[in-house]
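J.: Have a look at this one.
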Amino acid sequence: MDNGATNPAGGTGESDRAFFEREIVGLLDNLYGAALRLARNRADAEDLVAEAVAKAWAHFGALHDRGCFRAWIFRILTNTFFSECRRTRTLSLEEMTEHDDDPAPEAFSLFEQLHQPFLLWWSNPEEEFLNKVLRADLERVLDALPEAFRIVVILSDLEGFNYQEIAGMLDVPVGTVRSRLSRGRALLQKMLWEQARDHGLTAPDTAARNTKSIGQA
Amino acid sequence: MNDIRLINCEEALQRLFDYLDHELDETRHAEMEQHLKICRGCYSRVEFEKRLKVKLSGAGAEKPATEFEQRIRKLIGNF
């Protein structure tokens with residue numbers, strides 16, 4: 001009944017492994033979803049998850065509170081991603097922190113853009129926008145965000161971690177998480193707006209009105 | 001208990017994402033809720049951001065290929 005499996009913590013192998021497997025399989029769609037947005041392609045996302053799972057098992061003994069498994073495995077996933085980036089694309093610490101000291105940018109609000117006077121003829125612009133925006137549109141702008149912003153947006157908006165948990169995963173203060181998240185969301189909304197405008201997603205003949213508005217400004 | 005003060009739109013907008021992310025303390029959360037009951041503009045903005053957030057969260061999970069799930073099970077099986 002026992003194949004002799006032991007774990008690095010020296011526990012009773014079988015039950016620890018059963019717990020580990022149940023947790024991983026239960027979280028697999030989320031781990032893979034986050035990995036796909038981090039790595040931006042399927043093959044790398046699969047390798048990223050597999051490597052994170054192997055590392056997690058190797059350090060399973062260090063997990064003292066099993067209730068924290070989800071945050072713990074995501075921390076390992078993001079750290080594995082960072083290591084891989086440094087190895088292959090030389091993602092530097094500077095790249096991760098280069099925007100942290102920038103002055104607060106002008107907050108960009110998609111909602112306010114949708115309520116510009118030239119769009120007001122249109123009955124409910126935000127409703128129209130939300131109905132028309134596709135998952136592919138969201139994925140495209142997410143993939144285009146700078147690394148430091150992309151990671152916090154993925155962990156917060158896509159995976160639902162709180163600021164404290166994200167700060168723990170990235171080893172940065174909570175204030176840094178809040179600031180990166182705010183900038184990341186503003187940039188994401190700006191890109192969504194530009195994408196919608198360029199593809200005429202905002203309204204059937206917005207392009208013509210838009211040009212006129214810009215021309216008149 | 002009743003330390004809730006009325007906040008204006010500027011304050012409400014500053015708290016917008018902390019509110020949506022459930023990062024406000026009880027009093028500040030209640031102040032925000034109070035403001036949203038009386039301000040249609042901020043209410044509409046919050047509803048929009050909420051729905052955009054829901055759309056985004058949809059991109060957080062993705063069903064991997066069955067071969068990949070098998071690969072992970074096999075990996076764990078070998079531990």
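Ligands are numbered from 1 in the order shown, residues from 1 within each chain, and chains are lettered A, B, ... in the order they appear in the structure tokens.
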Provide as an mmCIF file with all heavy atoms, in the first residue's frame the residues of chain A at most 7 Å from chain B, counting only C-alpha atoms.

T.:
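And here is the file that came out, part33.cif:
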data_model
loop_
_atom_site.group_PDB
_atom_site.id
_atom_site.type_symbol
_atom_site.label_atom_id
_atom_site.label_comp_id
_atom_site.auth_asym_id
_atom_site.auth_seq_id
_atom_site.Cartn_x
_atom_site.Cartn_y
_atom_site.Cartn_z
ATOM 1 N N ALA A 5 7.122 6.368 -0.619
ATOM 2 C CA ALA A 5 7.303 7.796 -0.853
ATOM 3 C C ALA A 5 7.477 8.544 0.463
ATOM 4 O O ALA A 5 6.704 8.372 1.389
ATOM 5 C CB ALA A 5 6.090 8.352 -1.592
ATOM 6 N N GLU A 21 -1.122 16.659 -3.947
ATOM 7 C CA GLU A 21 -1.708 16.404 -5.266
ATOM 8 C C GLU A 21 -3.117 16.997 -5.369
ATOM 9 O O GLU A 21 -3.467 17.617 -6.358
ATOM 10 C CB GLU A 21 -1.751 14.901 -5.556
ATOM 11 C CG GLU A 21 -2.340 14.616 -6.938
ATOM 12 C CD GLU A 21 -2.117 13.187 -7.411
ATOM 13 O OE1 GLU A 21 -1.494 12.406 -6.667
ATOM 14 O OE2 GLU A 21 -2.572 12.867 -8.524
ATOM 15 N N ASP A 29 -6.056 24.984 -12.923
ATOM 16 C CA ASP A 29 -6.559 25.950 -13.911
ATOM 17 C C ASP A 29 -6.049 27.354 -13.598
ATOM 18 O O ASP A 29 -5.750 28.141 -14.501
ATOM 19 C CB ASP A 29 -8.098 25.964 -13.939
ATOM 20 C CG ASP A 29 -8.667 24.668 -14.519
ATOM 21 O OD1 ASP A 29 -7.874 23.755 -14.832
ATOM 22 O OD2 ASP A 29 -9.902 24.565 -14.643
ATOM 23 N N ASN A 30 -5.984 27.694 -12.301
ATOM 24 C CA ASN A 30 -5.512 29.025 -11.910
ATOM 25 C C ASN A 30 -3.995 29.156 -12.067
ATOM 26 O O ASN A 30 -3.499 30.185 -12.517
ATOM 27 C CB ASN A 30 -5.909 29.349 -10.471
ATOM 28 C CG ASN A 30 -7.373 29.695 -10.379
ATOM 29 O OD1 ASN A 30 -8.198 28.830 -10.191
ATOM 30 N ND2 ASN A 30 -7.703 30.958 -10.565
ATOM 31 N N TYR A 32 -2.168 27.487 -14.124
ATOM 32 C CA TYR A 32 -1.889 27.509 -15.554
ATOM 33 C C TYR A 32 -2.332 28.846 -16.168
ATOM 34 O O TYR A 32 -1.629 29.429 -16.998
ATOM 35 C CB TYR A 32 -2.579 26.326 -16.238
ATOM 36 C CG TYR A 32 -2.360 26.287 -17.727
ATOM 37 C CD1 TYR A 32 -1.088 26.027 -18.245
ATOM 38 C CD2 TYR A 32 -3.399 26.538 -18.617
ATOM 39 C CE1 TYR A 32 -0.875 26.014 -19.612
ATOM 40 C CE2 TYR A 32 -3.199 26.520 -19.980
ATOM 41 C CZ TYR A 32 -1.935 26.265 -20.477
ATOM 42 O OH TYR A 32 -1.727 26.253 -21.832
ATOM 43 N N GLY A 33 -3.488 29.351 -15.739
ATOM 44 C CA GLY A 33 -3.995 30.643 -16.235
ATOM 45 C C GLY A 33 -3.005 31.761 -15.927
ATOM 46 O O GLY A 33 -2.687 32.585 -16.792
ATOM 47 N N ALA A 34 -2.515 31.800 -14.689
ATOM 48 C CA ALA A 34 -1.554 32.838 -14.292
ATOM 49 C C ALA A 34 -0.241 32.641 -15.056
ATOM 50 O O ALA A 34 0.355 33.606 -15.555
ATOM 51 C CB ALA A 34 -1.305 32.788 -12.792
ATOM 52 N N ALA A 50 5.105 23.232 -14.165
ATOM 53 C CA ALA A 50 5.757 21.966 -13.790
ATOM 54 C C ALA A 50 6.962 22.230 -12.881
ATOM 55 O O ALA A 50 7.155 21.544 -11.866
ATOM 56 C CB ALA A 50 6.186 21.214 -15.045
ATOM 57 N N PHE A 111 -13.622 54.851 -17.842
ATOM 58 C CA PHE A 111 -15.001 55.284 -17.608
ATOM 59 C C PHE A 111 -15.186 56.738 -18.049
ATOM 60 O O PHE A 111 -16.146 57.075 -18.739
ATOM 61 C CB PHE A 111 -15.320 55.137 -16.113
ATOM 62 C CG PHE A 111 -16.716 55.527 -15.742
ATOM 63 C CD1 PHE A 111 -17.765 54.632 -15.901
ATOM 64 C CD2 PHE A 111 -16.984 56.775 -15.207
ATOM 65 C CE1 PHE A 111 -19.060 54.980 -15.541
ATOM 66 C CE2 PHE A 111 -18.281 57.138 -14.845
ATOM 67 C CZ PHE A 111 -19.317 56.236 -15.009
ATOM 68 N N GLU A 126 -20.630 52.763 -21.435
ATOM 69 C CA GLU A 126 -19.844 51.774 -20.673
ATOM 70 C C GLU A 126 -20.447 50.385 -20.784
ATOM 71 O O GLU A 126 -19.747 49.379 -20.828
ATOM 72 C CB GLU A 126 -19.631 52.183 -19.214
ATOM 73 C CG GLU A 126 -20.821 52.142 -18.300
ATOM 74 C CD GLU A 126 -21.514 53.471 -18.218
ATOM 75 O OE1 GLU A 126 -21.373 54.296 -19.163
ATOM 76 O OE2 GLU A 126 -22.230 53.711 -17.227
ATOM 77 N N ARG A 135 -12.396 38.673 -24.249
ATOM 78 C CA ARG A 135 -11.300 38.156 -23.431
ATOM 79 C C ARG A 135 -9.955 38.340 -24.156
ATOM 80 O O ARG A 135 -8.956 38.685 -23.556
ATOM 81 C CB ARG A 135 -11.551 36.673 -23.130
ATOM 82 C CG ARG A 135 -10.433 36.081 -22.304
ATOM 83 C CD ARG A 135 -10.777 34.705 -21.817
ATOM 84 N NE ARG A 135 -9.589 34.088 -21.254
ATOM 85 C CZ ARG A 135 -9.616 33.131 -20.350
ATOM 86 N NH1 ARG A 135 -10.755 32.688 -19.911
ATOM 87 N NH2 ARG A 135 -8.517 32.619 -19.897
ATOM 88 N N LEU A 138 -8.600 41.758 -23.598
ATOM 89 C CA LEU A 138 -8.018 41.913 -22.264
ATOM 90 C C LEU A 138 -6.655 41.236 -22.190
ATOM 91 O O LEU A 138 -5.708 41.779 -21.626
ATOM 92 C CB LEU A 138 -8.953 41.321 -21.198
ATOM 93 C CG LEU A 138 -10.310 42.007 -21.072
ATOM 94 C CD1 LEU A 138 -11.248 41.198 -20.187
ATOM 95 C CD2 LEU A 138 -10.153 43.417 -20.506
ATOM 96 N N ASP A 157 -6.061 41.249 -9.787
ATOM 97 C CA ASP A 157 -7.322 41.222 -10.545
ATOM 98 C C ASP A 157 -7.669 39.846 -11.112
ATOM 99 O O ASP A 157 -8.839 39.492 -11.216
ATOM 100 C CB ASP A 157 -7.270 42.237 -11.694
ATOM 101 C CG ASP A 157 -7.459 43.657 -11.181
ATOM 102 O OD1 ASP A 157 -8.072 43.810 -10.115
ATOM 103 O OD2 ASP A 157 -6.989 44.596 -11.841
ATOM 104 N N LEU A 158 -6.657 39.073 -11.478
ATOM 105 C CA LEU A 158 -6.955 37.774 -12.083
ATOM 106 C C LEU A 158 -7.051 36.672 -11.031
ATOM 107 O O LEU A 158 -7.886 35.789 -11.115
ATOM 108 C CB LEU A 158 -5.894 37.392 -13.122
ATOM 109 C CG LEU A 158 -6.108 37.945 -14.542
ATOM 110 C CD1 LEU A 158 -5.996 39.446 -14.566
ATOM 111 C CD2 LEU A 158 -5.140 37.336 -15.525
ATOM 112 N N GLU A 159 -6.165 36.741 -10.021
ATOM 113 C CA GLU A 159 -6.124 35.645 -9.046
ATOM 114 C C GLU A 159 -6.707 36.009 -7.685
ATOM 115 O O GLU A 159 -6.846 35.140 -6.823
ATOM 116 C CB GLU A 159 -4.685 35.131 -8.891
ATOM 117 C CG GLU A 159 -4.049 34.656 -10.208
ATOM 118 C CD GLU A 159 -4.829 33.532 -10.884
ATOM 119 O OE1 GLU A 159 -5.597 32.830 -10.210
ATOM 120 O OE2 GLU A 159 -4.691 33.376 -12.120
#

J.: Find the residues near stretch 62-74 of chain A: any atom within 12 Å, counting only C-alpha atoms, skip ones fewer than 3 places away on the same chain, and give them as number ranges by chain.

T.: A: 7-11, 16, 19-28, 30-35, 38, 48-59, 77-81, 151, 154-156, 159-170

J.: Write the residues of the preceding selection, restricted to C-alpha atoms, as a PDB file, in the first residue's frame.

T.:
ATOM      1  CA  ASN A   7       8.701  13.925   1.535  1.00  0.00           C
ATOM      2  CA  PRO A   8      11.446  16.369   2.338  1.00  0.00           C
ATOM      3  CA  ALA A   9       9.783  17.112   5.661  1.00  0.00           C
ATOM      4  CA  GLY A  10      10.183  13.489   6.618  1.00  0.00           C
ATOM      5  CA  GLY A  11       6.462  13.107   7.214  1.00  0.00           C
ATOM      6  CA  ASP A  16       1.365  14.532   2.509  1.00  0.00           C
ATOM      7  CA  PHE A  19      -2.743  16.474   0.166  1.00  0.00           C
ATOM      8  CA  PHE A  20      -0.210  18.043  -2.195  1.00  0.00           C
ATOM      9  CA  GLU A  21      -1.708  16.404  -5.266  1.00  0.00           C
ATOM     10  CA  ARG A  22      -5.263  17.353  -4.317  1.00  0.00           C
ATOM     11  CA  GLU A  23      -4.270  20.987  -3.817  1.00  0.00           C
ATOM     12  CA  ILE A  24      -2.275  21.191  -7.039  1.00  0.00           C
ATOM     13  CA  VAL A  25      -4.956  19.540  -9.159  1.00  0.00           C
ATOM     14  CA  GLY A  26      -7.605  21.799  -7.596  1.00  0.00           C
ATOM     15  CA  LEU A  27      -5.550  24.900  -8.398  1.00  0.00           C
ATOM     16  CA  LEU A  28      -4.260  23.759 -11.771  1.00  0.00           C
ATOM     17  CA  ASN A  30      -5.512  29.025 -11.910  1.00  0.00           C
ATOM     18  CA  LEU A  31      -1.830  28.135 -11.825  1.00  0.00           C
ATOM     19  CA  TYR A  32      -1.889  27.509 -15.554  1.00  0.00           C
ATOM     20  CA  GLY A  33      -3.995  30.643 -16.235  1.00  0.00           C
ATOM     21  CA  ALA A  34      -1.554  32.838 -14.292  1.00  0.00           C
ATOM     22  CA  ALA A  35       1.445  31.103 -15.877  1.00  0.00           C
ATOM     23  CA  LEU A  38       3.127  35.546 -17.172  1.00  0.00           C
ATOM     24  CA  LEU A  48       6.687  27.108 -15.559  1.00  0.00           C
ATOM     25  CA  VAL A  49       3.903  25.296 -13.706  1.00  0.00           C
ATOM     26  CA  ALA A  50       5.757  21.966 -13.790  1.00  0.00           C
ATOM     27  CA  GLU A  51       8.928  23.568 -12.410  1.00  0.00           C
ATOM     28  CA  ALA A  52       6.967  25.383  -9.691  1.00  0.00           C
ATOM     29  CA  VAL A  53       5.241  22.136  -8.674  1.00  0.00           C
ATOM     30  CA  ALA A  54       8.584  20.312  -8.435  1.00  0.00           C
ATOM     31  CA  LYS A  55      10.104  23.155  -6.374  1.00  0.00           C
ATOM     32  CA  ALA A  56       7.031  23.281  -4.144  1.00  0.00           C
ATOM     33  CA  TRP A  57       7.320  19.596  -3.324  1.00  0.00           C
ATOM     34  CA  ALA A  58      11.036  19.962  -2.612  1.00  0.00           C
ATOM     35  CA  HIS A  59      10.202  22.712  -0.083  1.00  0.00           C
ATOM     36  CA  LEU A  77       5.283  30.235  -9.329  1.00  0.00           C
ATOM     37  CA  THR A  78       6.148  33.955  -9.519  1.00  0.00           C
ATOM     38  CA  ASN A  79       9.661  33.390  -8.162  1.00  0.00           C
ATOM     39  CA  THR A  80      10.216  30.630 -10.703  1.00  0.00           C
ATOM     40  CA  PHE A  81       9.072  33.038 -13.410  1.00  0.00           C
ATOM     41  CA  ILE A 151       2.566  40.762 -12.236  1.00  0.00           C
ATOM     42  CA  ILE A 154      -2.348  39.259 -12.539  1.00  0.00           C
ATOM     43  CA  LEU A 155      -2.048  38.461  -8.830  1.00  0.00           C
ATOM     44  CA  SER A 156      -4.726  40.949  -7.782  1.00  0.00           C
ATOM     45  CA  GLU A 159      -6.124  35.645  -9.046  1.00  0.00           C
ATOM     46  CA  GLY A 160      -7.744  37.683  -6.268  1.00  0.00           C
ATOM     47  CA  PHE A 161      -4.861  37.904  -3.790  1.00  0.00           C
ATOM     48  CA  ASN A 162      -4.912  40.757  -1.283  1.00  0.00           C
ATOM     49  CA  TYR A 163      -2.190  43.425  -1.093  1.00  0.00           C
ATOM     50  CA  GLN A 164      -0.499  41.804   1.910  1.00  0.00           C
ATOM     51  CA  GLU A 165      -0.272  38.444   0.174  1.00  0.00           C
ATOM     52  CA  ILE A 166       1.118  40.017  -3.009  1.00  0.00           C
ATOM     53  CA  ALA A 167       3.660  42.019  -0.971  1.00  0.00           C
ATOM     54  CA  GLY A 168       4.792  38.736   0.609  1.00  0.00           C
ATOM     55  CA  MET A 169       5.090  37.025  -2.763  1.00  0.00           C
ATOM     56  CA  LEU A 170       7.137  39.822  -4.313  1.00  0.00           C
TER      57      LEU A 170
END

J.: Excluding same-chain residues fewer than 5 positions from stretch 189-191 of chain A, what lies within 10 Å of it counting only C-alpha atoms, as a PyMOL selection string?

T.: (chain A and resi 107-111+113+137-138+140-142+144-145+183-184+196-197) or (chain B and resi 52)

J.: Those residues you just picked out, can you put them in a file as a tab-separated table (two decimals), in the first residue's frame with all heavy atoms?

T.:
chain	number	residue	atom	x	y	z
A	107	ALA	N	-4.06	59.95	-13.44
A	107	ALA	CA	-4.85	58.71	-13.45
A	107	ALA	C	-5.68	58.66	-14.72
A	107	ALA	O	-6.37	59.62	-15.05
A	107	ALA	CB	-5.74	58.67	-12.22
A	108	PHE	N	-5.59	57.57	-15.43
A	108	PHE	CA	-6.38	57.41	-16.65
A	108	PHE	C	-7.63	56.62	-16.31
A	108	PHE	O	-7.56	55.56	-15.71
A	108	PHE	CB	-5.58	56.69	-17.73
A	108	PHE	CG	-6.32	56.60	-19.03
A	108	PHE	CD1	-6.17	57.58	-19.99
A	108	PHE	CD2	-7.20	55.55	-19.28
A	108	PHE	CE1	-6.88	57.52	-21.19
A	108	PHE	CE2	-7.90	55.48	-20.48
A	108	PHE	CZ	-7.74	56.47	-21.43
A	109	SER	N	-8.77	57.15	-16.69
A	109	SER	CA	-10.01	56.45	-16.39
A	109	SER	C	-10.75	56.14	-17.68
A	109	SER	O	-11.18	57.04	-18.41
A	109	SER	CB	-10.88	57.31	-15.48
A	109	SER	OG	-12.21	56.88	-15.56
A	110	LEU	N	-10.89	54.87	-17.96
A	110	LEU	CA	-11.63	54.41	-19.13
A	110	LEU	C	-13.08	54.91	-19.05
A	110	LEU	O	-13.67	55.34	-20.04
A	110	LEU	CB	-11.57	52.89	-19.17
A	110	LEU	CG	-12.18	52.14	-20.33
A	110	LEU	CD1	-11.64	52.63	-21.65
A	110	LEU	CD2	-11.91	50.64	-20.18
A	111	PHE	N	-13.62	54.85	-17.84
A	111	PHE	CA	-15.00	55.28	-17.61
A	111	PHE	C	-15.19	56.74	-18.05
A	111	PHE	O	-16.15	57.07	-18.74
A	111	PHE	CB	-15.32	55.14	-16.11
A	111	PHE	CG	-16.72	55.53	-15.74
A	111	PHE	CD1	-17.77	54.63	-15.90
A	111	PHE	CD2	-16.98	56.77	-15.21
A	111	PHE	CE1	-19.06	54.98	-15.54
A	111	PHE	CE2	-18.28	57.14	-14.85
A	111	PHE	CZ	-19.32	56.24	-15.01
A	113	GLN	N	-13.30	58.40	-20.16
A	113	GLN	CA	-13.13	58.49	-21.61
A	113	GLN	C	-14.43	58.12	-22.33
A	113	GLN	O	-14.79	58.74	-23.32
A	113	GLN	CB	-12.02	57.53	-22.08
A	113	GLN	CG	-10.64	57.92	-21.63
A	113	GLN	CD	-10.20	59.28	-22.16
A	113	GLN	OE1	-10.45	59.60	-23.32
A	113	GLN	NE2	-9.58	60.07	-21.32
A	137	ASP	N	-9.16	40.72	-26.11
A	137	ASP	CA	-8.73	42.13	-25.99
A	137	ASP	C	-8.02	42.34	-24.65
A	137	ASP	O	-7.00	43.02	-24.58
A	137	ASP	CB	-9.96	43.06	-26.03
A	137	ASP	CG	-10.72	42.96	-27.34
A	137	ASP	OD1	-10.06	42.80	-28.38
A	137	ASP	OD2	-11.96	43.03	-27.32
A	138	LEU	N	-8.60	41.76	-23.60
A	138	LEU	CA	-8.02	41.91	-22.26
A	138	LEU	C	-6.65	41.24	-22.19
A	138	LEU	O	-5.71	41.78	-21.63
A	138	LEU	CB	-8.95	41.32	-21.20
A	138	LEU	CG	-10.31	42.01	-21.07
A	138	LEU	CD1	-11.25	41.20	-20.19
A	138	LEU	CD2	-10.15	43.42	-20.51
A	140	ARG	N	-4.61	40.71	-24.62
A	140	ARG	CA	-3.63	41.45	-25.42
A	140	ARG	C	-3.04	42.62	-24.62
A	140	ARG	O	-1.84	42.82	-24.60
A	140	ARG	CB	-4.32	41.97	-26.69
A	140	ARG	CG	-3.35	42.26	-27.82
A	140	ARG	CD	-4.08	42.65	-29.10
A	140	ARG	NE	-5.04	41.65	-29.54
A	140	ARG	CZ	-6.36	41.86	-29.69
A	140	ARG	NH1	-6.88	43.04	-29.44
A	140	ARG	NH2	-7.15	40.89	-30.10
A	141	VAL	N	-3.90	43.38	-23.93
A	141	VAL	CA	-3.37	44.52	-23.18
A	141	VAL	C	-2.61	44.07	-21.93
A	141	VAL	O	-1.61	44.68	-21.56
A	141	VAL	CB	-4.47	45.56	-22.82
A	141	VAL	CG1	-5.00	46.24	-24.06
A	141	VAL	CG2	-5.58	44.98	-22.01
A	142	LEU	N	-3.07	42.98	-21.32
A	142	LEU	CA	-2.34	42.45	-20.15
A	142	LEU	C	-0.92	42.05	-20.56
A	142	LEU	O	0.05	42.37	-19.87
A	142	LEU	CB	-3.05	41.20	-19.62
A	142	LEU	CG	-4.10	41.38	-18.55
A	142	LEU	CD1	-4.84	40.06	-18.35
A	142	LEU	CD2	-3.47	41.82	-17.24
A	144	ALA	N	0.81	43.24	-22.80
A	144	ALA	CA	1.63	44.38	-23.21
A	144	ALA	C	2.07	45.25	-22.02
A	144	ALA	O	2.87	46.18	-22.19
A	144	ALA	CB	0.84	45.23	-24.21
A	145	LEU	N	1.57	44.98	-20.83
A	145	LEU	CA	1.95	45.79	-19.66
A	145	LEU	C	3.42	45.55	-19.29
A	145	LEU	O	3.89	44.42	-19.40
A	145	LEU	CB	1.10	45.42	-18.45
A	145	LEU	CG	-0.32	45.96	-18.33
A	145	LEU	CD1	-0.96	45.42	-17.05
A	145	LEU	CD2	-0.35	47.47	-18.34
A	183	ARG	N	-0.87	52.11	-11.05
A	183	ARG	CA	-0.27	52.48	-12.34
A	183	ARG	C	-0.59	51.44	-13.40
A	183	ARG	O	-0.88	51.77	-14.55
A	183	ARG	CB	1.24	52.59	-12.20
A	183	ARG	CG	1.68	53.81	-11.43
A	183	ARG	CD	3.08	53.61	-10.88
A	183	ARG	NE	3.37	54.59	-9.87
A	183	ARG	CZ	4.09	55.67	-10.07
A	183	ARG	NH1	4.58	55.90	-11.26
A	183	ARG	NH2	4.30	56.53	-9.11
A	184	GLY	N	-0.52	50.18	-13.01
A	184	GLY	CA	-0.80	49.10	-13.95
A	184	GLY	C	-2.22	49.16	-14.47
A	184	GLY	O	-2.47	49.01	-15.66
A	196	ALA	N	-9.82	49.99	-28.28
A	196	ALA	CA	-11.24	50.11	-28.63
A	196	ALA	C	-11.44	51.21	-29.67
A	196	ALA	O	-12.18	51.03	-30.64
A	196	ALA	CB	-12.05	50.41	-27.37
A	197	ARG	N	-10.75	52.32	-29.48
A	197	ARG	CA	-10.88	53.44	-30.40
A	197	ARG	C	-10.34	53.07	-31.77
A	197	ARG	O	-10.97	53.28	-32.79
A	197	ARG	CB	-10.11	54.63	-29.82
A	197	ARG	CG	-10.40	55.97	-30.45
A	197	ARG	CD	-9.38	56.98	-30.01
A	197	ARG	NE	-8.02	56.47	-30.26
A	197	ARG	CZ	-6.92	56.96	-29.71
A	197	ARG	NH1	-7.00	57.96	-28.84
A	197	ARG	NH2	-5.74	56.46	-30.00
B	52	LEU	N	-15.57	45.48	-14.97
B	52	LEU	CA	-14.32	45.31	-15.70
B	52	LEU	C	-13.41	44.33	-14.96
B	52	LEU	O	-12.74	43.48	-15.56
B	52	LEU	CB	-13.62	46.67	-15.86
B	52	LEU	CG	-12.38	46.72	-16.75
B	52	LEU	CD1	-12.69	46.25	-18.17
B	52	LEU	CD2	-11.78	48.12	-16.78

J.: As a ChimeraX atom specification, list the residues of chain B assigned to helix (DSSP H, G or I) by DSSP on the backbone atoms of this structure.

T.: /B:9-20,26-38,40-60,66-77

J.: Taking only C-alpha atoms into account, which of B:Gln70, B:Tyr43, B:Ile4, B:Lys50 comes nearest B:Asp25?

T.: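 Among the listed residues, B:Ile4 lies closest to B:Asp25.
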
J.: Can you work out which one of A:Leu187, A:Arg40, A:His199, A:Glu127 has the shortest atom-to-atom distance to A:Asp143, counting only C-alpha atoms?

T.: A:Arg40

J.: So how far away is atom CA of A:Glu84 from atom CA of A:Ala39, in Å?

T.: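 Straight-line distance from atom CA of A:Ala39 to atom CA of A:Glu84 works out to 9.7 Å.
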
J.: Show me, as JSON, numbers by chain, the residues that have an atom within 8 Å of B:Ile7 when counting only C-alpha atoms, minus same-chain residues fewer than 5 positions from it.

T.: {"B": [12, 31, 32, 35]}

J.: Rounded to one decimal place, report the atom CA of A:Gly175-atom CA of A:Val152 distance in Å.

T.: 12.2 Å
